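In what follows, a structure is listed as structure tokens, so that the remarks can point back to it.
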Amino acid sequence: MLGVCYYPEHWDESRWESDARRMRELGISFVRIGEFAWSRLEPRRDSFTFDWLDRAIDVLTAAGLKIVLGTPTATPPKWLVDECPDIVPYDEQGRPRGFGSRRHYTFSSQTWWKESARIVEIVAKRYGAHPGIVGWQTDNEYGCHDTTLSWGPEDLKSFKRWLRLRYQSTDQLNESWGTVFWSMELQSFDDVALPNLTVTEPNPATRLDFWRFHSDQVAAYDSMQCEIIRKHSPGRWITHNFMGFVSDFDHFQVADNLDLASWDSYPIGFVEKFPFTEAERNRWAETSHPDIASYHHDLYRAVGKGRFWVMEQQPGPVNWAPWNPVPKPGMVRLWTWEALAHGAEVVSYFRWRQAPFAQEQMHAGLNLAGLDEWSPGGLEARTVAEELTTLGALPQTDKAPVALLFDYQSYWTTMIQPQGRDFRYEELCFRWYEGLRRLGLNVDFVRPGASLEGYPLVVVPCMTEVDEATRAALEKAEGTVLIGARTGSRDRNFRIPQNLPPGPLADLTGNRVVQVSSLRPGLSDSVSGDVSGAGIRWREYLETTADVLARFANGDPALTQKGNVLYLACWADEALLGAVLTQVAEKAGLDTLPVPDFIRIRRRGNLVFAFNYGTEDWPLPTGVERVQGEAVLKPQAVAIWRG
Amino acid sequence: MLGVCYYPEHWDESRWESDARRMRELGISFVRIGEFAWSRLEPRRDSFTFDWLDRAIDVLTAAGLKIVLGTPTATPPKWLVDECPDIVPYDEQGRPRGFGSRRHYTFSSQTWWKESARIVEIVAKRYGAHPGIVGWQTDNEYGCHDTTLSWGPEDLKSFKRWLRLRYQSTDQLNESWGTVFWSMELQSFDDVALPNLTVTEPNPATRLDFWRFHSDQVAAYDSMQCEIIRKHSPGRWITHNFMGFVSDFDHFQVADNLDLASWDSYPIGFVEKFPFTEAERNRWAETSHPDIASYHHDLYRAVGKGRFWVMEQQPGPVNWAPWNPVPKPGMVRLWTWEALAHGAEVVSYFRWRQAPFAQEQMHAGLNLAGLDEWSPGGLEARTVAEELTTLGALPQTDKAPVALLFDYQSYWTTMIQPQGRDFRYEELCFRWYEGLRRLGLNVDFVRPGASLEGYPLVVVPCMTEVDEATRAALEKAEGTVLIGARTGSRDRNFRIPQNLPPGPLADLTGNRVVQVSSLRPGLSDSVSGDVSGAGIRWREYLETTADVLARFANGDPALTQKGNVLYLACWADEALLGAVLTQVAEKAGLDTLPVPDFIRIRRRGNLVFAFNYGTEDWPLPTGVERVQGEAVLKPQAVAIWRG
Amino acid sequence: MLGVCYYPEHWDESRWESDARRMRELGISFVRIGEFAWSRLEPRRDSFTFDWLDRAIDVLTAAGLKIVLGTPTATPPKWLVDECPDIVPYDEQGRPRGFGSRRHYTFSSQTWWKESARIVEIVAKRYGAHPGIVGWQTDNEYGCHDTTLSWGPEDLKSFKRWLRLRYQSTDQLNESWGTVFWSMELQSFDDVALPNLTVTEPNPATRLDFWRFHSDQVAAYDSMQCEIIRKHSPGRWITHNFMGFVSDFDHFQVADNLDLASWDSYPIGFVEKFPFTEAERNRWAETSHPDIASYHHDLYRAVGKGRFWVMEQQPGPVNWAPWNPVPKPGMVRLWTWEALAHGAEVVSYFRWRQAPFAQEQMHAGLNLAGLDEWSPGGLEARTVAEELTTLGALPQTDKAPVALLFDYQSYWTTMIQPQGRDFRYEELCFRWYEGLRRLGLNVDFVRPGASLEGYPLVVVPCMTEVDEATRAALEKAEGTVLIGARTGSRDRNFRIPQNLPPGPLADLTGNRVVQVSSLRPGLSDSVSGDVSGAGIRWREYLETTADVLARFANGDPALTQKGNVLYLACWADEALLGAVLTQVAEKAGLDTLPVPDFIRIRRRGNLVFAFNYGTEDWPLPTGVERVQGEAVLKPQAVAIWRG
């Protein structure tokens, strides 16, 4: 199903009906509105102007559109910021981040919680039972523009409160953080200081707690909104629109409160944001890298416990990346089909019509800037709508053969203590994902502690703190398990485990990590044996009781196996990673279908989808029963067959 | 004519007479003094010590030198800053920029205006009628060290006042800025906040107004100084010394108050400042790029309505660039002749004698540091003086065959919203200028709205907002007109025009821009047809009713022509730019004389000047009647012939 | 002799005895303790808990270890910072640098001096006469994390005081600084402002005084600690542990108060810190560059007036560099022997046991993290201990044949005014040192003003201000003297000398520097004559009455000789530098033994040590009487012979 993001407040009321009609004509079923409209709903405190939104909702509903209503908390209006200056966030440099754009609030402010609850309740009460409203979006893009963490007085206050609850006593706190080091000991919770602007790096344990604290706040804040909405809007689902490559808070935890996940898919902008090589950036500039969108689809399917939307789908060039090329013709259609292949319930385009004003004026919409005229992306959306009608309902999304364990805390931990400047958790997970996808495999993300039963193959690129539930799940896993370096390298208090890494996985892996080396670009350590290639960036020195499948140049173990559990003692370069993943897929008995690096396939139920991100044709496997597309998959084309 | 910048306050009074005599011996006619001397004129409030300046002026006048007196406002003394802390500027990070160097004031401070008026009046009254004084310089290098914009409390206060005048009502303001976006609506002008330190980018319309506001302030401040000077110093001209590649305020607007423009020419430092390639930087490190100085000569001739000086001419190595090489022998002479060829009335060297102390101690002068001994640059200046005497008066500067429309606001607009990181307005104009100069063409800069009559060729590299006067002038232009991408892409309120770009030029060009793509380095889109090459950085998707002269690889129009108006739908690479400029010069019926990339020629009246920036000889065109120089132009040499 | 850094407060008391015993077993004689323990000694003001330290000292003493006790001033506890917020330093951006790591104090705070004196006195009184205490370390790593300079209100206050003492009158100050430039004149010492956050660069003379002021403060602060310690701990020596490539204060001046110097040797981290090329960084990543450690050994032997320790020796991978590789096997042993070859009295490893918590948890120790188990580095230390026992006492360290004049102020001067971005004083000295060492020569560092008698060869890479004592010492030197560019280029007030550079060395060298050119990377000026190669980065234009041994391409003098004094008028590239150093060594009549770039040799008395940093074997000179090692020096091996 298709949707669209719409801002009735941006357009003269006289255009609403025609907009609604044209949405339906295009094949749009859902429309998201309202998430930035606070100053139009309450231009002054307690002075409400809901009439326009009433009418907009009626017009859209009348046209047969199902409405997703956003709470407007991402953009507190000027009068509120002036009245309650304690709501603004502070950057790590200690400067307030003021009014003038969006997300100018900190999750730590009690005032802000009160004000948020107030406006959410008012909106939920007014529209909760409206028949046109089918679901809600809380706030907008938590964490966007680095707004998860904040470094102001309210944050310090709330952090102290959180620490009191967690540690009960300063003895406990001092012990956990190891404050005896450098005389950092605290006599009272009031002694806690923000971990910024210190002379050299602050205590990593403090930083991790500061991150956990903020992550907890995001989840609690979202939960607060959900409770209010559920009270006043029974029978409607709630989601939040997450982002790509934002890992500053634990999305699994936030989504525990939600009915489904959604995310905002801007594949082209990510080409500049993700640490690709320059060659990759040039190659994928106008299509995006073939795994960028699907990586997130699979992640958010997990976050949403099986249910997710693309709430904002890039429909053409955008405005916020360093460069913003026009996507190649066909890509808007391709991305849409790809989302559906990965299980998206709805793909909703951002936005209906390009706004000719303000910050996002260079962001394409389904209509040209200010006009009632399809943009190139709009025309592609129309094609998908037609094809969807032809194809009919899509089958269920099945469990994948591969589980990839993803852990937000490992991102925080390695950001706080990279030890090698280019040890980037998200990049690591992405490269493992890419390697699996190039074998033609479907991948499920799984969260820490979740059951791993039923997966022939489980991969853990890196999980710095392995909690008891995860340890148990790994032990219980019957499939082949591949564990990456640095896993189990920290305990709950950011300490090195007493038995050295991999700590709780010592028995499972048969390994002990005695030293680690971070390697600058240009250095590598070759690996050979059952697999070959090289370790780069990170290389561990293992003692092992396991079988050694491959060794570094000096004979040290590089890849070990004990029972069904393999351990890879380095950051693998492309060759080694490909070999290791191929090896474990084989051990797991999986049917792989290696594809060129510009082709991806994805199974959804009994359908197989193929996508061509490249510049060359790709002939489909022979003899397949095609449902859509040609036997030769042209660049930017989509094919579907039964299989 | 030659001049020099002199600081009598830096040298023992016993040396003044000898200095003045040696200036005359060198061939110097004009001497600029006084512009940084406030603390020597008024060491404490209302305690004046003008006697030394009286004597210095008398000594210089007695020697036959004509004096340009600077108002000392670029360096408010410590007592004033302490007394009136509200005069200091703030950087974009919100920090005050304090005493200790220069330009530590904001144009927004009312106190500062009062104090400026006070000191200017005192100085103007005392010296306005002195027979030695022939002209004035207001302040010094407006905008230097990023001092046009300031982000402090005084700036916010003045910005609100300026907005009230511009918009009258908040409704008008909200509508213009599109504040409905992201709930940025304002209920009162007091709600306006500075457009810095926001969570993500502030509203571009706000930023543009903030820039316009500051530009207006510079013009008004300069005008205030001019009024006072004119009252007390009748019959003297007034100038300001502008800078190279500083476009933070509208120089045309400031110069409306002035009798002539002047600028400070440091060609070598600009090699590091301008975004040249590394290869270009290495090639031109010791001569400067052949168009750097002349680009500004032509710009400031326009700014000065036909009259300009070089107020400060680099006489050797300087101190302020990342690297400061000694110019190749001959370059000081070459630059001086080049300025004259482009119409400079006076070339004034900075400075008479290298100061052995303080910030600019590594800046060469005509005399060695602290000594009465010619520096290498001093000796070259002497050569020029002798040659000038031989040559006699230079002919008038004629109108050029090519007009290049230059627009400061387009610089602000594209800085605020580059959309592609390397879309740099000044670079674009420079490359177009370079292309024209390599065809041997004289170029006039013209300001927005100015008449374009009499120009066989008009080029508009980019003008984001095309006001009505400019539109009319373009329509009226009988010559060939070449318009570059992004022209007409914004209205007065930083909105995309209702008819899409090029907005008011839709009819004139026959075009409508439907999409734009910004291309990262490494991406390009080849162009072929009447011209060939490639589009880089910026590429537009046109609908056109015009003739298509060249197309992109996919068949889209790249260069169109409707009547006498051509439109180029991309940032052209070197090959394409050269081809397009050759093409339009041909269409315009111009006589071109393509020169190697290290040679430049310039006509002034019936004289043709040639300059060799390279390392190879260049034989002059055969049969010309040489006035100066050899038939073969050696590296760093100058030749003059009649033509 | 070997030592180790130990933190009894980090480990349960039950482990101390075993730790002490195992230290002795390893061959450790000295143990440094206490330098970060303030919060454990005085958890609240005037509430002391010395009992644990009493017991720890007793346990260590009982085991036969000699104790070096650190004053705990590098880590003021939280209660003190809260009570006396005026002790915290400010960064150059004007932000306080708060509690949470270490070195959070400014040397300018009077409160801090009082508090430091108080705790030092208490500690010195309590332990000064303890028989186990053999020496003291003041504070820890002055200047680490950029903590020499501070930019807060206390700093301004103290700077004004310092200036009053230095200049007596503002007339004197204004004259010295040349404040007439840009109206920077001051009417009172109260007018002095901090030289940061100015609009453009502040006065270089002010900056230099600000740097001298801070350097003086470090020396005076250290002297204050020493006086207290000496009063209460007669017969014990005092040292401070200096750092590598920290030149923000004058180490010679600080060490005037000390009995011996010591430094913290982390050779691998410096590969990232020093401006090596990327190729060098990759080549030396796992061994360090062969001159990094020895350069500092020789420097600190001079700082310590002949006596120095390595107080902290890297025993494996560390945590604080961008990348932290495991050193190649053998390097910990090699570095230890190398320190001894250069005259170190003791090499003390940092640290006994890797801490599993807090900031340095990834820093290796002699024992694995948290365990009683030798790390790879621990095993190498054991080997050295055994070898030392076999070898017996080492001979005295003799005077070297080469003196290298090193001057901290020249570092400050060229940092303040690089003039060419890559003119880096430390890099220059290092490259000269490297060149001498590749000739197999021992090198002594000498401080400004010291006697140069008895040195066949004296090299002065650069000394910007040549004071009278240094001038006299150079004149008196009978050996060959090589003086580098920029020497004598500034007087005491940061002015260009009245006779131009080299100022006081004009007669000695026969030269006058008329112009200087700083050359961007990619530019060079070839040199030929008795030596050949090229000048890069910096190139002077000389007038000379001396003999010209080599000339630049245009014939200008590049290398001159007058009597025994040579002057090199540029920054030499590798070829030219090698040639010049070979030339002067020859003129000085030195026996050189050129070695491959991965081999270094060092004489100590009648022993010659050789070290192999490379990947290839190196055959020892034939016929030598080997004391240790093989005839072929393997990679990472050490050999000793008599010679």
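Letters for chains follow the order of the structure tokens (A, B, ...), residue numbers begin at 1 for each chain, and ligand numbers begin at 1 in the order shown.
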Which chain A residues are at most 8 Å from chain C (counting only C-alpha atoms), as a count of residues only? 41
Going by DSSP on the backbone, which bits of stretch 492-557 of chain C are alpha helix (DSSP H)? Write them as a PyMOL selection string, please. chain C and resi 506-509
Quick one: of B:His251, B:Gln217, B:Ser524, B:Asn140, who's nearest to B:Trp162, counting only C-alpha atoms?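 Closest residue, counting only C-alpha atoms: B:Gln217.
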Non-local contacts of A:Phe406 (7 Å; only C-alpha atoms; under 3 positions in same chain excluded) as a PDB file with N, CA and C atoms, in the first residue's frame:
ATOM      1  N   PHE A 445      17.166  -9.141  11.413  1.00  0.00           N
ATOM      2  CA  PHE A 445      17.872  -8.590  12.555  1.00  0.00           C
ATOM      3  C   PHE A 445      17.234  -9.156  13.819  1.00  0.00           C
ATOM      4  N   VAL A 446      18.072  -9.396  14.816  1.00  0.00           N
ATOM      5  CA  VAL A 446      17.507  -9.783  16.114  1.00  0.00           C
ATOM      6  C   VAL A 446      18.132  -8.927  17.197  1.00  0.00           C
ATOM      7  N   ARG A 447      17.370  -8.717  18.233  1.00  0.00           N
ATOM      8  CA  ARG A 447      17.861  -7.874  19.313  1.00  0.00           C
ATOM      9  C   ARG A 447      18.559  -8.737  20.355  1.00  0.00           C
ATOM     10  N   PRO A 448      19.375  -8.112  21.185  1.00  0.00           N
ATOM     11  CA  PRO A 448      20.050  -8.855  22.240  1.00  0.00           C
ATOM     12  C   PRO A 448      19.041  -9.580  23.125  1.00  0.00           C
TER      13      PRO A 448
END
Quick one: residues within 8 Å of A:Thr509, only C-alpha atoms, excluding same-chain residues fewer than 6 positions away - as JSON, numbers by chain? {"A": [546, 560, 561, 562, 565, 566, 567]}
Atoms to include: C-alpha atoms. Write the selected residues as a CSV table (one decimal), in the first residue's frame.
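New file part-v1.csv:
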chain,number,residue,atom,x,y,z
A,546,ALA,CA,39.0,-24.5,19.8
A,560,THR,CA,38.2,-20.7,15.4
A,561,GLN,CA,35.4,-23.2,15.7
A,562,LYS,CA,34.2,-25.0,18.8
A,565,VAL,CA,30.3,-21.6,17.2
A,566,LEU,CA,32.9,-19.8,15.1
A,567,TYR,CA,34.9,-16.8,16.2
Which neighbours of B:Ser29 fall inside 8 Å, counting only C-alpha atoms, when residues of the same chain fewer than 3 positions from it are skipped, and could you give them as a PyMOL selection string? chain B and resi 1-3+23-24+64-66
File dump, residues just selected, N, CA and C atoms, as a PDB file, in the first residue's frame:
ATOM      1  N   MET B   1      49.765  56.678 -12.187  1.00  0.00           N
ATOM      2  CA  MET B   1      50.410  57.359 -11.065  1.00  0.00           C
ATOM      3  C   MET B   1      50.632  56.349  -9.933  1.00  0.00           C
ATOM      4  N   LEU B   2      51.633  56.624  -9.132  1.00  0.00           N
ATOM      5  CA  LEU B   2      51.959  55.707  -8.043  1.00  0.00           C
ATOM      6  C   LEU B   2      51.718  56.363  -6.682  1.00  0.00           C
ATOM      7  N   GLY B   3      51.417  55.526  -5.727  1.00  0.00           N
ATOM      8  CA  GLY B   3      51.219  56.002  -4.364  1.00  0.00           C
ATOM      9  C   GLY B   3      51.850  55.020  -3.384  1.00  0.00           C
ATOM     10  N   MET B  23      60.347  59.133  -1.138  1.00  0.00           N
ATOM     11  CA  MET B  23      59.112  58.811  -1.877  1.00  0.00           C
ATOM     12  C   MET B  23      59.092  59.556  -3.201  1.00  0.00           C
ATOM     13  N   ARG B  24      59.379  60.834  -3.125  1.00  0.00           N
ATOM     14  CA  ARG B  24      59.356  61.639  -4.348  1.00  0.00           C
ATOM     15  C   ARG B  24      60.423  61.134  -5.316  1.00  0.00           C
ATOM     16  N   GLY B  64      55.729  67.676  -1.569  1.00  0.00           N
ATOM     17  CA  GLY B  64      55.014  67.609  -2.846  1.00  0.00           C
ATOM     18  C   GLY B  64      54.120  66.393  -2.968  1.00  0.00           C
ATOM     19  N   LEU B  65      53.914  65.712  -1.869  1.00  0.00           N
ATOM     20  CA  LEU B  65      53.051  64.528  -1.911  1.00  0.00           C
ATOM     21  C   LEU B  65      51.605  64.932  -1.687  1.00  0.00           C
ATOM     22  N   LYS B  66      50.713  64.217  -2.346  1.00  0.00           N
ATOM     23  CA  LYS B  66      49.271  64.427  -2.148  1.00  0.00           C
ATOM     24  C   LYS B  66      48.790  63.384  -1.154  1.00  0.00           C
TER      25      LYS B  66
END
When DSSP works through the backbone of this structure, what residues of stretch 251-388 of chain B end up as strand (DSSP E), shown as number ranges by chain? B: 261-265, 308-313, 347-349
Write out as a VMD selection string each polymer residue whose atoms come within 10 Å of B:Asp591, counting only C-alpha atoms; drop sequence neighbours fewer than 5 positions from it. chain B and resid 401 439 to 441 585 to 586
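Nearest to A:Leu593 of all the residues A:Ala339, A:Ala477, A:Ile238, A:Leu436 is A:Leu436, counting only C-alpha atoms.
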Atomic distance atom CA of A:Asp264 - atom CA of A:Gln314, expressed in Å with one decimal: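 Atom CA of A:Gln314 lies at a distance of 8.1 Å from atom CA of A:Asp264.
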Hey, what's within 10 Å of A:Glu25 if we count only C-alpha atoms and toss same-chain stuff fewer than 4 positions away? As a compact mmCIF listing (two decimals) with N, CA and C atoms, in the first residue's frame, please?
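The resulting around.txt:
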# COMPACT_ATOMS: atom_id res chain seq x y z
N ASP A 19 -6.18 18.28 -3.89
CA ASP A 19 -5.04 17.47 -3.45
C ASP A 19 -5.52 16.07 -3.04
N ALA A 20 -6.56 16.03 -2.24
CA ALA A 20 -7.06 14.75 -1.75
C ALA A 20 -7.51 13.86 -2.91
N ARG A 21 -8.20 14.46 -3.85
CA ARG A 21 -8.68 13.71 -5.00
C ARG A 21 -7.52 13.15 -5.82
N SER A 29 -3.33 5.50 -0.30
CA SER A 29 -4.34 5.09 0.67
C SER A 29 -4.22 5.83 2.00
N ARG A 382 3.02 6.49 -9.31
CA ARG A 382 1.78 6.08 -9.97
C ARG A 382 1.94 4.71 -10.63
N ALA A 385 1.71 2.07 -8.04
CA ALA A 385 0.32 1.88 -7.60
C ALA A 385 -0.42 0.98 -8.58
So how many Å separate atom CA of C:Ala255 and atom CA of C:Phe308, to one decimal?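 Computed distance, atom CA of C:Ala255 to atom CA of C:Phe308, equals 10.7 Å.
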